[in-house]
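Student: Here it is: the structure, laid out below.
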Amino acid sequence: MDKELINSHTKIKICGMTCEADIKAVNTYLPDYIGFVLFFPKSNRNISIEQAEHLLEKVDKKIRTVAVVVSPTTEQIRQIEKAGFDYIQIHGTVTEDVYKQCKLPILRAFNVSDLDKLNEYEAKDKIKGYVFDSKTPGSGKTFDWSLLDNIRQRQKTDVSKDVSHKKNKKMIFLAGGINETNVKRAISQVAPDVIDLSSAVEKTSEDGTFHGKDPEKIRTIVTMVHD
């Protein structure tokens, strides 16, 4: 079983690494996971696979790395695997071909409008976790966390009834508008395995222009989650 699945302490994922300064900050404060947005030019956090490979070489080995993609092709999967990522997080569509050819553990992303699709992934052993996000991923907006109550309760019930479910237990990543003002409530209310955030630790100018990660914000939120 993946060691992540048996650790009871809440972990944290910082998404949207774009430059060496971001890597220096996470290497200093050691979140458990970091994410890199790839093949999605609509995002201001999007970087090329070549940039990602360069940054991966500098990441502290204690941090797990996640390629974040939308409806990837098999060729993109191949490039991600070659780059050396630990996980792939997939939004949008997962074709049967992509699932079959993917050798990396998959984090399947859902938003509040497609939670009804969850059941089709329960038995898929390559799916190691679910990322639950707001209707517009990356928007920095929260959603009604009570929508996850049944999912969490069902997971606990299945594990208590059947040993096989323990081996196939999916990690729960909670994303969407989490920041230092609500992270403790998120942990208490949802009890996720991993808190997942991006915009809460970013530097932006008054006009909303993105300027990368803020090391002090990363330090604050990582400390709050790990305490």
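A note on labels: chains of the structure tokens are A, B, ... as shown, every chain counts residues from 1, and ligands are counted from 1 in their shown order.
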Could you give me, as a short mmCIF file (atom, residue, chain, number, x, y, z; two decimals) with all heavy atoms, in the first residue's frame, each residue of chain A that DSSP assigns to strand (DSSP E or B) when run on this structure's backbone?
Tutor:
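As written to disk, result.cif reads:
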```cif
data_model
loop_
_atom_site.label_atom_id
_atom_site.label_comp_id
_atom_site.auth_asym_id
_atom_site.auth_seq_id
_atom_site.Cartn_x
_atom_site.Cartn_y
_atom_site.Cartn_z
N LYS A 11 -2.06 16.20 5.13
CA LYS A 11 -0.95 16.67 4.32
C LYS A 11 -1.39 17.89 3.51
O LYS A 11 -2.56 18.27 3.52
CB LYS A 11 -0.46 15.54 3.41
CG LYS A 11 0.18 14.38 4.17
CD LYS A 11 0.61 13.28 3.23
CE LYS A 11 1.49 12.24 3.91
NZ LYS A 11 0.85 11.60 5.06
N ILE A 12 -0.43 18.48 2.80
CA ILE A 12 -0.74 19.68 2.02
C ILE A 12 -0.07 19.61 0.67
O ILE A 12 1.07 19.14 0.54
CB ILE A 12 -0.33 20.96 2.78
CG1 ILE A 12 -0.72 22.21 1.96
CG2 ILE A 12 1.15 20.96 3.13
CD1 ILE A 12 -0.60 23.50 2.74
N LYS A 13 -0.79 20.06 -0.35
CA LYS A 13 -0.27 20.15 -1.71
C LYS A 13 -0.33 21.61 -2.15
O LYS A 13 -1.38 22.25 -2.06
CB LYS A 13 -1.08 19.28 -2.66
CG LYS A 13 -0.74 19.43 -4.13
CD LYS A 13 -1.45 18.34 -4.93
CE LYS A 13 -1.47 18.64 -6.42
NZ LYS A 13 -2.67 19.43 -6.78
N ILE A 14 0.78 22.12 -2.64
CA ILE A 14 0.85 23.46 -3.20
C ILE A 14 0.92 23.31 -4.71
O ILE A 14 1.87 22.72 -5.23
CB ILE A 14 2.09 24.24 -2.71
CG1 ILE A 14 2.15 24.27 -1.17
CG2 ILE A 14 2.09 25.65 -3.30
CD1 ILE A 14 1.12 25.12 -0.51
N CYS A 15 -0.06 23.84 -5.41
CA CYS A 15 -0.12 23.67 -6.85
C CYS A 15 0.36 24.93 -7.58
O CYS A 15 0.33 26.03 -7.03
CB CYS A 15 -1.54 23.32 -7.27
SG CYS A 15 -1.63 22.46 -8.85
N TYR A 33 3.22 17.65 -1.16
CA TYR A 33 3.10 17.52 -2.61
C TYR A 33 3.19 18.91 -3.24
O TYR A 33 2.80 19.91 -2.63
CB TYR A 33 1.72 16.95 -3.01
CG TYR A 33 1.35 15.63 -2.42
CD1 TYR A 33 0.79 15.55 -1.14
CD2 TYR A 33 1.50 14.45 -3.14
CE1 TYR A 33 0.42 14.32 -0.59
CE2 TYR A 33 1.13 13.22 -2.61
CZ TYR A 33 0.59 13.17 -1.33
OH TYR A 33 0.22 11.96 -0.80
N ILE A 34 3.69 18.95 -4.47
CA ILE A 34 3.61 20.17 -5.26
C ILE A 34 3.10 19.82 -6.65
O ILE A 34 3.36 18.72 -7.15
CB ILE A 34 4.95 20.92 -5.36
CG1 ILE A 34 6.06 20.02 -5.91
CG2 ILE A 34 5.35 21.51 -4.01
CD1 ILE A 34 7.38 20.75 -6.17
N GLY A 35 2.35 20.75 -7.26
CA GLY A 35 1.77 20.49 -8.57
C GLY A 35 2.31 21.43 -9.64
O GLY A 35 2.63 22.59 -9.37
N PHE A 36 2.40 20.91 -10.87
CA PHE A 36 2.86 21.66 -12.03
C PHE A 36 1.77 21.57 -13.10
O PHE A 36 1.43 20.47 -13.54
CB PHE A 36 4.15 21.07 -12.59
CG PHE A 36 5.31 21.06 -11.63
CD1 PHE A 36 5.34 20.16 -10.55
CD2 PHE A 36 6.38 21.93 -11.81
CE1 PHE A 36 6.43 20.14 -9.68
CE2 PHE A 36 7.47 21.90 -10.93
CZ PHE A 36 7.49 21.01 -9.87
N VAL A 37 1.24 22.70 -13.54
CA VAL A 37 0.21 22.72 -14.58
C VAL A 37 0.88 22.60 -15.94
O VAL A 37 1.76 23.41 -16.29
CB VAL A 37 -0.63 24.01 -14.51
CG1 VAL A 37 -1.68 24.02 -15.62
CG2 VAL A 37 -1.30 24.14 -13.14
N LEU A 38 0.46 21.60 -16.71
CA LEU A 38 1.08 21.32 -18.01
C LEU A 38 0.03 21.23 -19.11
O LEU A 38 -1.11 20.81 -18.86
CB LEU A 38 1.85 20.00 -17.94
CG LEU A 38 2.96 19.89 -16.90
CD1 LEU A 38 3.45 18.44 -16.82
CD2 LEU A 38 4.12 20.81 -17.25
N ASN A 46 0.53 27.72 -16.23
CA ASN A 46 0.97 26.71 -17.19
C ASN A 46 2.45 26.88 -17.54
O ASN A 46 2.93 28.00 -17.77
CB ASN A 46 0.14 26.80 -18.47
CG ASN A 46 0.49 25.71 -19.47
OD1 ASN A 46 0.22 24.54 -19.24
ND2 ASN A 46 1.12 26.11 -20.57
N ILE A 47 3.18 25.76 -17.54
CA ILE A 47 4.58 25.78 -17.98
C ILE A 47 4.80 24.65 -18.98
O ILE A 47 3.99 23.73 -19.09
CB ILE A 47 5.58 25.64 -16.80
CG1 ILE A 47 5.37 24.31 -16.06
CG2 ILE A 47 5.45 26.82 -15.84
CD1 ILE A 47 6.41 24.04 -14.98
N ARG A 64 6.58 15.04 -2.92
CA ARG A 64 6.05 14.31 -4.06
C ARG A 64 5.58 15.29 -5.13
O ARG A 64 4.95 16.29 -4.82
CB ARG A 64 4.87 13.42 -3.63
CG ARG A 64 5.26 12.32 -2.64
CD ARG A 64 6.29 11.37 -3.27
NE ARG A 64 6.66 10.30 -2.38
CZ ARG A 64 6.14 9.08 -2.44
NH1 ARG A 64 5.19 8.80 -3.32
NH2 ARG A 64 6.54 8.14 -1.62
N THR A 65 5.86 14.98 -6.40
CA THR A 65 5.54 15.89 -7.50
C THR A 65 4.35 15.39 -8.31
O THR A 65 4.22 14.19 -8.57
CB THR A 65 6.75 16.07 -8.42
OG1 THR A 65 7.16 14.79 -8.93
CG2 THR A 65 7.90 16.72 -7.65
N VAL A 66 3.50 16.33 -8.72
CA VAL A 66 2.25 16.00 -9.41
C VAL A 66 2.15 16.80 -10.71
O VAL A 66 2.23 18.03 -10.69
CB VAL A 66 1.03 16.32 -8.52
CG1 VAL A 66 -0.27 15.90 -9.23
CG2 VAL A 66 1.14 15.64 -7.16
N ALA A 67 1.96 16.12 -11.82
CA ALA A 67 1.67 16.78 -13.09
C ALA A 67 0.16 17.00 -13.16
O ALA A 67 -0.62 16.05 -13.03
CB ALA A 67 2.13 15.92 -14.26
N VAL A 68 -0.26 18.24 -13.35
CA VAL A 68 -1.69 18.58 -13.38
C VAL A 68 -2.09 18.88 -14.82
O VAL A 68 -1.56 19.82 -15.44
CB VAL A 68 -1.96 19.80 -12.47
CG1 VAL A 68 -3.45 20.16 -12.50
CG2 VAL A 68 -1.51 19.52 -11.05
N VAL A 69 -3.02 18.08 -15.36
CA VAL A 69 -3.38 18.19 -16.77
C VAL A 69 -4.89 18.11 -16.96
O VAL A 69 -5.62 17.67 -16.07
CB VAL A 69 -2.70 17.09 -17.60
CG1 VAL A 69 -1.19 17.28 -17.64
CG2 VAL A 69 -3.03 15.71 -17.05
N VAL A 70 -5.32 18.53 -18.14
CA VAL A 70 -6.74 18.48 -18.52
C VAL A 70 -6.88 17.61 -19.76
O VAL A 70 -6.26 17.89 -20.80
CB VAL A 70 -7.30 19.89 -18.79
CG1 VAL A 70 -8.77 19.80 -19.20
CG2 VAL A 70 -7.14 20.78 -17.58
N TYR A 87 3.14 11.56 -9.56
CA TYR A 87 1.69 11.39 -9.77
C TYR A 87 1.26 12.21 -10.98
O TYR A 87 1.94 13.17 -11.37
CB TYR A 87 0.89 11.89 -8.57
CG TYR A 87 0.97 11.07 -7.32
CD1 TYR A 87 2.03 11.23 -6.43
CD2 TYR A 87 -0.01 10.12 -7.01
CE1 TYR A 87 2.11 10.49 -5.27
CE2 TYR A 87 0.06 9.38 -5.85
CZ TYR A 87 1.12 9.55 -4.97
OH TYR A 87 1.21 8.82 -3.82
N ILE A 88 0.08 11.85 -11.51
CA ILE A 88 -0.56 12.70 -12.50
C ILE A 88 -1.98 13.00 -12.03
O ILE A 88 -2.71 12.09 -11.61
CB ILE A 88 -0.57 12.05 -13.90
CG1 ILE A 88 -1.27 12.97 -14.90
CG2 ILE A 88 -1.20 10.67 -13.88
CD1 ILE A 88 -1.06 12.55 -16.36
N GLN A 89 -2.35 14.26 -12.04
CA GLN A 89 -3.68 14.70 -11.64
C GLN A 89 -4.45 15.06 -12.90
O GLN A 89 -4.03 15.94 -13.66
CB GLN A 89 -3.58 15.91 -10.72
CG GLN A 89 -4.92 16.52 -10.32
CD GLN A 89 -4.72 17.69 -9.36
OE1 GLN A 89 -3.86 17.64 -8.48
NE2 GLN A 89 -5.50 18.75 -9.53
N ILE A 90 -5.57 14.39 -13.14
CA ILE A 90 -6.29 14.56 -14.39
C ILE A 90 -7.66 15.21 -14.17
O ILE A 90 -8.51 14.68 -13.46
CB ILE A 90 -6.47 13.21 -15.12
CG1 ILE A 90 -5.11 12.56 -15.38
CG2 ILE A 90 -7.22 13.41 -16.43
CD1 ILE A 90 -5.19 11.22 -16.09
N HIS A 91 -7.84 16.36 -14.80
CA HIS A 91 -9.14 17.03 -14.90
C HIS A 91 -9.73 16.68 -16.26
O HIS A 91 -9.03 16.22 -17.16
CB HIS A 91 -8.97 18.55 -14.78
CG HIS A 91 -8.44 19.00 -13.46
ND1 HIS A 91 -9.23 19.61 -12.50
CD2 HIS A 91 -7.20 18.93 -12.92
CE1 HIS A 91 -8.49 19.91 -11.45
NE2 HIS A 91 -7.25 19.50 -11.68
N ILE A 106 -2.72 7.84 -10.46
CA ILE A 106 -3.59 8.92 -10.94
C ILE A 106 -4.38 9.54 -9.80
O ILE A 106 -4.96 8.82 -8.97
CB ILE A 106 -4.57 8.40 -12.01
CG1 ILE A 106 -3.80 7.84 -13.22
CG2 ILE A 106 -5.54 9.50 -12.45
CD1 ILE A 106 -4.68 7.09 -14.21
N LEU A 107 -4.41 10.86 -9.78
CA LEU A 107 -5.32 11.61 -8.91
C LEU A 107 -6.42 12.14 -9.82
O LEU A 107 -6.18 12.96 -10.70
CB LEU A 107 -4.60 12.76 -8.21
CG LEU A 107 -3.36 12.38 -7.40
CD1 LEU A 107 -2.69 13.63 -6.84
CD2 LEU A 107 -3.71 11.41 -6.28
N ARG A 108 -7.64 11.67 -9.62
CA ARG A 108 -8.76 12.05 -10.50
C ARG A 108 -9.46 13.26 -9.92
O ARG A 108 -9.91 13.25 -8.77
CB ARG A 108 -9.75 10.89 -10.64
CG ARG A 108 -10.91 11.18 -11.61
CD ARG A 108 -10.40 11.33 -13.01
NE ARG A 108 -11.49 11.44 -13.97
CZ ARG A 108 -11.79 12.55 -14.63
NH1 ARG A 108 -11.11 13.66 -14.43
NH2 ARG A 108 -12.77 12.56 -15.51
N ALA A 109 -9.54 14.32 -10.72
CA ALA A 109 -10.13 15.57 -10.24
C ALA A 109 -11.61 15.65 -10.59
O ALA A 109 -12.04 15.26 -11.69
CB ALA A 109 -9.40 16.76 -10.85
N PHE A 110 -12.40 16.15 -9.63
CA PHE A 110 -13.83 16.37 -9.81
C PHE A 110 -14.17 17.78 -9.37
O PHE A 110 -13.52 18.33 -8.47
CB PHE A 110 -14.65 15.39 -8.96
CG PHE A 110 -14.48 13.95 -9.34
CD1 PHE A 110 -13.48 13.18 -8.76
CD2 PHE A 110 -15.31 13.35 -10.28
CE1 PHE A 110 -13.32 11.85 -9.11
CE2 PHE A 110 -15.15 12.03 -10.64
CZ PHE A 110 -14.16 11.27 -10.04
N ASN A 111 -15.20 18.36 -9.97
CA ASN A 111 -15.74 19.59 -9.41
C ASN A 111 -17.18 19.34 -8.98
O ASN A 111 -17.70 18.24 -9.17
CB ASN A 111 -15.64 20.76 -10.41
CG ASN A 111 -16.34 20.48 -11.73
OD1 ASN A 111 -17.46 20.01 -11.74
ND2 ASN A 111 -15.67 20.77 -12.83
N ILE A 127 -6.25 4.63 -9.88
CA ILE A 127 -6.75 5.87 -9.28
C ILE A 127 -6.42 5.82 -7.79
O ILE A 127 -7.01 5.06 -7.03
CB ILE A 127 -8.27 6.04 -9.47
CG1 ILE A 127 -8.66 5.90 -10.94
CG2 ILE A 127 -8.73 7.39 -8.89
CD1 ILE A 127 -8.20 7.01 -11.83
N LYS A 128 -5.47 6.64 -7.36
CA LYS A 128 -5.02 6.61 -5.96
C LYS A 128 -5.67 7.70 -5.11
O LYS A 128 -5.57 7.67 -3.88
CB LYS A 128 -3.50 6.77 -5.90
CG LYS A 128 -2.75 5.66 -6.61
CD LYS A 128 -3.10 4.29 -6.07
CE LYS A 128 -2.31 3.19 -6.76
NZ LYS A 128 -2.72 1.83 -6.29
N GLY A 129 -6.31 8.66 -5.74
CA GLY A 129 -6.94 9.72 -4.97
C GLY A 129 -7.91 10.52 -5.79
O GLY A 129 -7.89 10.48 -7.03
N TYR A 130 -8.79 11.26 -5.10
CA TYR A 130 -9.74 12.16 -5.73
C TYR A 130 -9.42 13.59 -5.30
O TYR A 130 -9.18 13.84 -4.12
CB TYR A 130 -11.17 11.84 -5.30
CG TYR A 130 -11.65 10.44 -5.63
CD1 TYR A 130 -12.31 9.69 -4.66
CD2 TYR A 130 -11.45 9.89 -6.89
CE1 TYR A 130 -12.78 8.42 -4.95
CE2 TYR A 130 -11.91 8.61 -7.18
CZ TYR A 130 -12.58 7.88 -6.22
OH TYR A 130 -13.03 6.61 -6.50
N VAL A 131 -9.42 14.50 -6.26
CA VAL A 131 -9.25 15.92 -5.96
C VAL A 131 -10.60 16.59 -6.15
O VAL A 131 -11.13 16.63 -7.27
CB VAL A 131 -8.20 16.57 -6.89
CG1 VAL A 131 -8.04 18.05 -6.55
CG2 VAL A 131 -6.87 15.85 -6.80
N PHE A 132 -11.17 17.09 -5.07
CA PHE A 132 -12.47 17.75 -5.14
C PHE A 132 -12.28 19.26 -5.15
O PHE A 132 -11.68 19.83 -4.24
CB PHE A 132 -13.35 17.33 -3.96
CG PHE A 132 -13.71 15.87 -3.98
CD1 PHE A 132 -13.14 14.98 -3.07
CD2 PHE A 132 -14.60 15.37 -4.92
CE1 PHE A 132 -13.47 13.64 -3.10
CE2 PHE A 132 -14.92 14.03 -4.96
CZ PHE A 132 -14.36 13.15 -4.05
N ASP A 133 -12.79 19.90 -6.20
CA ASP A 133 -12.57 21.32 -6.42
C ASP A 133 -13.90 22.01 -6.68
O ASP A 133 -14.93 21.36 -6.87
CB ASP A 133 -11.62 21.53 -7.60
CG ASP A 133 -10.84 22.84 -7.54
OD1 ASP A 133 -11.29 23.75 -6.82
OD2 ASP A 133 -9.80 22.93 -8.20
N MET A 171 -7.19 8.46 -1.59
CA MET A 171 -6.91 9.67 -0.83
C MET A 171 -7.91 10.75 -1.23
O MET A 171 -8.32 10.83 -2.39
CB MET A 171 -5.50 10.17 -1.09
CG MET A 171 -4.41 9.30 -0.55
SD MET A 171 -2.76 10.05 -0.79
CE MET A 171 -2.54 9.85 -2.55
N ILE A 172 -8.28 11.58 -0.28
CA ILE A 172 -9.18 12.71 -0.54
C ILE A 172 -8.36 14.00 -0.49
O ILE A 172 -7.81 14.36 0.55
CB ILE A 172 -10.32 12.78 0.50
CG1 ILE A 172 -11.17 11.51 0.46
CG2 ILE A 172 -11.17 14.03 0.27
CD1 ILE A 172 -11.92 11.30 -0.82
N PHE A 173 -8.28 14.69 -1.63
CA PHE A 173 -7.65 16.00 -1.73
C PHE A 173 -8.76 17.04 -1.77
O PHE A 173 -9.64 16.98 -2.64
CB PHE A 173 -6.82 16.12 -3.01
CG PHE A 173 -5.54 15.33 -3.03
CD1 PHE A 173 -5.56 13.94 -3.03
CD2 PHE A 173 -4.31 15.98 -3.08
CE1 PHE A 173 -4.38 13.20 -3.08
CE2 PHE A 173 -3.12 15.25 -3.13
CZ PHE A 173 -3.15 13.87 -3.12
N LEU A 174 -8.72 18.00 -0.86
CA LEU A 174 -9.73 19.06 -0.84
C LEU A 174 -9.13 20.34 -1.39
O LEU A 174 -8.18 20.89 -0.83
CB LEU A 174 -10.25 19.29 0.58
CG LEU A 174 -11.33 20.37 0.71
CD1 LEU A 174 -12.58 19.98 -0.07
CD2 LEU A 174 -11.67 20.61 2.19
N VAL A 194 -5.50 15.33 2.21
CA VAL A 194 -4.60 16.38 1.72
C VAL A 194 -5.38 17.67 1.47
O VAL A 194 -6.43 17.65 0.83
CB VAL A 194 -3.91 15.95 0.40
CG1 VAL A 194 -2.91 17.01 -0.04
CG2 VAL A 194 -3.23 14.60 0.56
N ILE A 195 -4.85 18.78 1.97
CA ILE A 195 -5.35 20.11 1.63
C ILE A 195 -4.61 20.56 0.37
O ILE A 195 -3.39 20.49 0.31
CB ILE A 195 -5.10 21.11 2.78
CG1 ILE A 195 -6.01 20.81 3.97
CG2 ILE A 195 -5.27 22.54 2.31
CD1 ILE A 195 -7.48 21.11 3.74
N ASP A 196 -5.35 21.02 -0.62
CA ASP A 196 -4.78 21.33 -1.92
C ASP A 196 -5.07 22.80 -2.26
O ASP A 196 -6.23 23.21 -2.31
CB ASP A 196 -5.42 20.42 -2.97
CG ASP A 196 -4.70 20.44 -4.30
OD1 ASP A 196 -3.98 21.41 -4.58
OD2 ASP A 196 -4.89 19.48 -5.07
N LEU A 197 -4.03 23.60 -2.48
CA LEU A 197 -4.27 25.02 -2.75
C LEU A 197 -3.22 25.60 -3.67
O LEU A 197 -2.18 25.01 -3.92
CB LEU A 197 -4.34 25.81 -1.44
CG LEU A 197 -3.21 25.61 -0.41
CD1 LEU A 197 -2.03 26.47 -0.75
CD2 LEU A 197 -3.71 25.92 0.99
N GLU A 202 -0.10 32.87 -3.43
CA GLU A 202 0.48 33.56 -4.57
C GLU A 202 0.62 35.06 -4.33
O GLU A 202 -0.09 35.65 -3.52
CB GLU A 202 -0.37 33.31 -5.83
CG GLU A 202 -0.23 31.90 -6.33
CD GLU A 202 -1.13 31.58 -7.50
OE1 GLU A 202 -2.03 32.38 -7.82
OE2 GLU A 202 -0.94 30.50 -8.09
N LYS A 203 1.54 35.64 -5.08
CA LYS A 203 1.72 37.08 -5.08
C LYS A 203 1.01 37.66 -6.30
O LYS A 203 1.22 37.19 -7.42
CB LYS A 203 3.21 37.45 -5.15
CG LYS A 203 4.02 37.02 -3.94
CD LYS A 203 5.48 37.40 -4.08
CE LYS A 203 6.20 36.50 -5.05
NZ LYS A 203 7.67 36.70 -5.05
N THR A 204 0.15 38.64 -6.07
CA THR A 204 -0.52 39.31 -7.18
C THR A 204 -0.45 40.82 -6.97
O THR A 204 -0.48 41.30 -5.84
CB THR A 204 -2.00 38.88 -7.30
OG1 THR A 204 -2.65 39.08 -6.04
CG2 THR A 204 -2.11 37.41 -7.69
N PHE A 210 -0.43 37.91 -11.93
CA PHE A 210 0.21 36.81 -11.20
C PHE A 210 1.72 37.00 -11.15
O PHE A 210 2.36 37.28 -12.16
CB PHE A 210 -0.15 35.50 -11.91
CG PHE A 210 0.60 34.30 -11.44
CD1 PHE A 210 0.34 33.73 -10.19
CD2 PHE A 210 1.55 33.69 -12.25
CE1 PHE A 210 1.02 32.60 -9.77
CE2 PHE A 210 2.24 32.57 -11.83
CZ PHE A 210 1.96 32.03 -10.59
N HIS A 211 2.29 36.85 -9.94
CA HIS A 211 3.74 37.04 -9.77
C HIS A 211 4.39 35.87 -9.03
O HIS A 211 5.36 36.04 -8.30
CB HIS A 211 4.03 38.33 -9.02
CG HIS A 211 3.65 39.57 -9.77
ND1 HIS A 211 4.32 40.02 -10.88
CD2 HIS A 211 2.63 40.45 -9.58
CE1 HIS A 211 3.75 41.14 -11.33
NE2 HIS A 211 2.72 41.41 -10.57
N GLY A 212 3.83 34.67 -9.19
CA GLY A 212 4.44 33.50 -8.56
C GLY A 212 4.03 33.32 -7.11
O GLY A 212 3.12 33.97 -6.59
N LYS A 213 4.72 32.41 -6.44
CA LYS A 213 4.37 32.05 -5.06
C LYS A 213 4.99 33.03 -4.05
O LYS A 213 6.06 33.59 -4.29
CB LYS A 213 4.84 30.63 -4.75
CG LYS A 213 4.22 29.57 -5.64
CD LYS A 213 2.72 29.58 -5.64
CE LYS A 213 2.14 28.45 -6.46
NZ LYS A 213 0.74 28.67 -6.83
#
```
Student: Return as a PyMOL selection string the full set of residues in region 3-227 of chain A whose backbone-based DSSP assignment is helix (DSSP H, G or I).
Tutor: chain A and resi 3-6+20-29+49-56+74-83+96-101+115-121+145-161+163-167+183-190+199-201+215-226
Student: For each of A:Glu57, A:Glu122, A:Arg78, A:Asp116, take the minimum atom-to-atom distance to Leu104 (chain A), counting only C-alpha atoms, then give the residue where this is smallest.
Tutor: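 Ranked by minimum distance to Leu104 (chain A), first place goes to A:Arg78.
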Student: With a distance cut-off of 9 Å and only C-alpha atoms, select the neighbouring residues of region 144-153 of chain A, excluding the residue or stretch itself and same-chain residues fewer than 2 positions from it, and output the selection as JSON, numbers by chain.
Tutor: {"A": [112, 115, 132, 134, 142, 155, 156, 157, 158, 172, 174, 186, 189, 190, 191, 192]}
Student: Which residues are near Glu50 (chain A)? Cut-off 10 Å, only C-alpha atoms, ignore same chain within fewer than 4 positions. Put them as a PyMOL selection string.
Tutor: chain A and resi 54-56+79+83
Student: Take the residues that were just selected and, keeping C-alpha atoms, output them as a PDB file, in the first residue's frame.
Tutor:
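Result saved to part37.pdb:
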```pdb
ATOM      1  CA  HIS A  54      14.312  21.600 -15.216  1.00  0.00           C
ATOM      2  CA  LEU A  55      12.406  22.425 -12.013  1.00  0.00           C
ATOM      3  CA  LEU A  56      11.922  18.775 -11.033  1.00  0.00           C
ATOM      4  CA  GLN A  79       6.150  12.927 -21.730  1.00  0.00           C
ATOM      5  CA  ALA A  83       9.977  13.814 -16.982  1.00  0.00           C
TER       6      ALA A  83
END
```
Student: As a PyMOL selection string, please: the residues near region 216-221 of chain A (cut-off 8 Å, only C-alpha atoms, same-chain neighbours under 3 positions excluded).
Tutor: chain A and resi 25-26+29+179-180+200-202+213+224-225
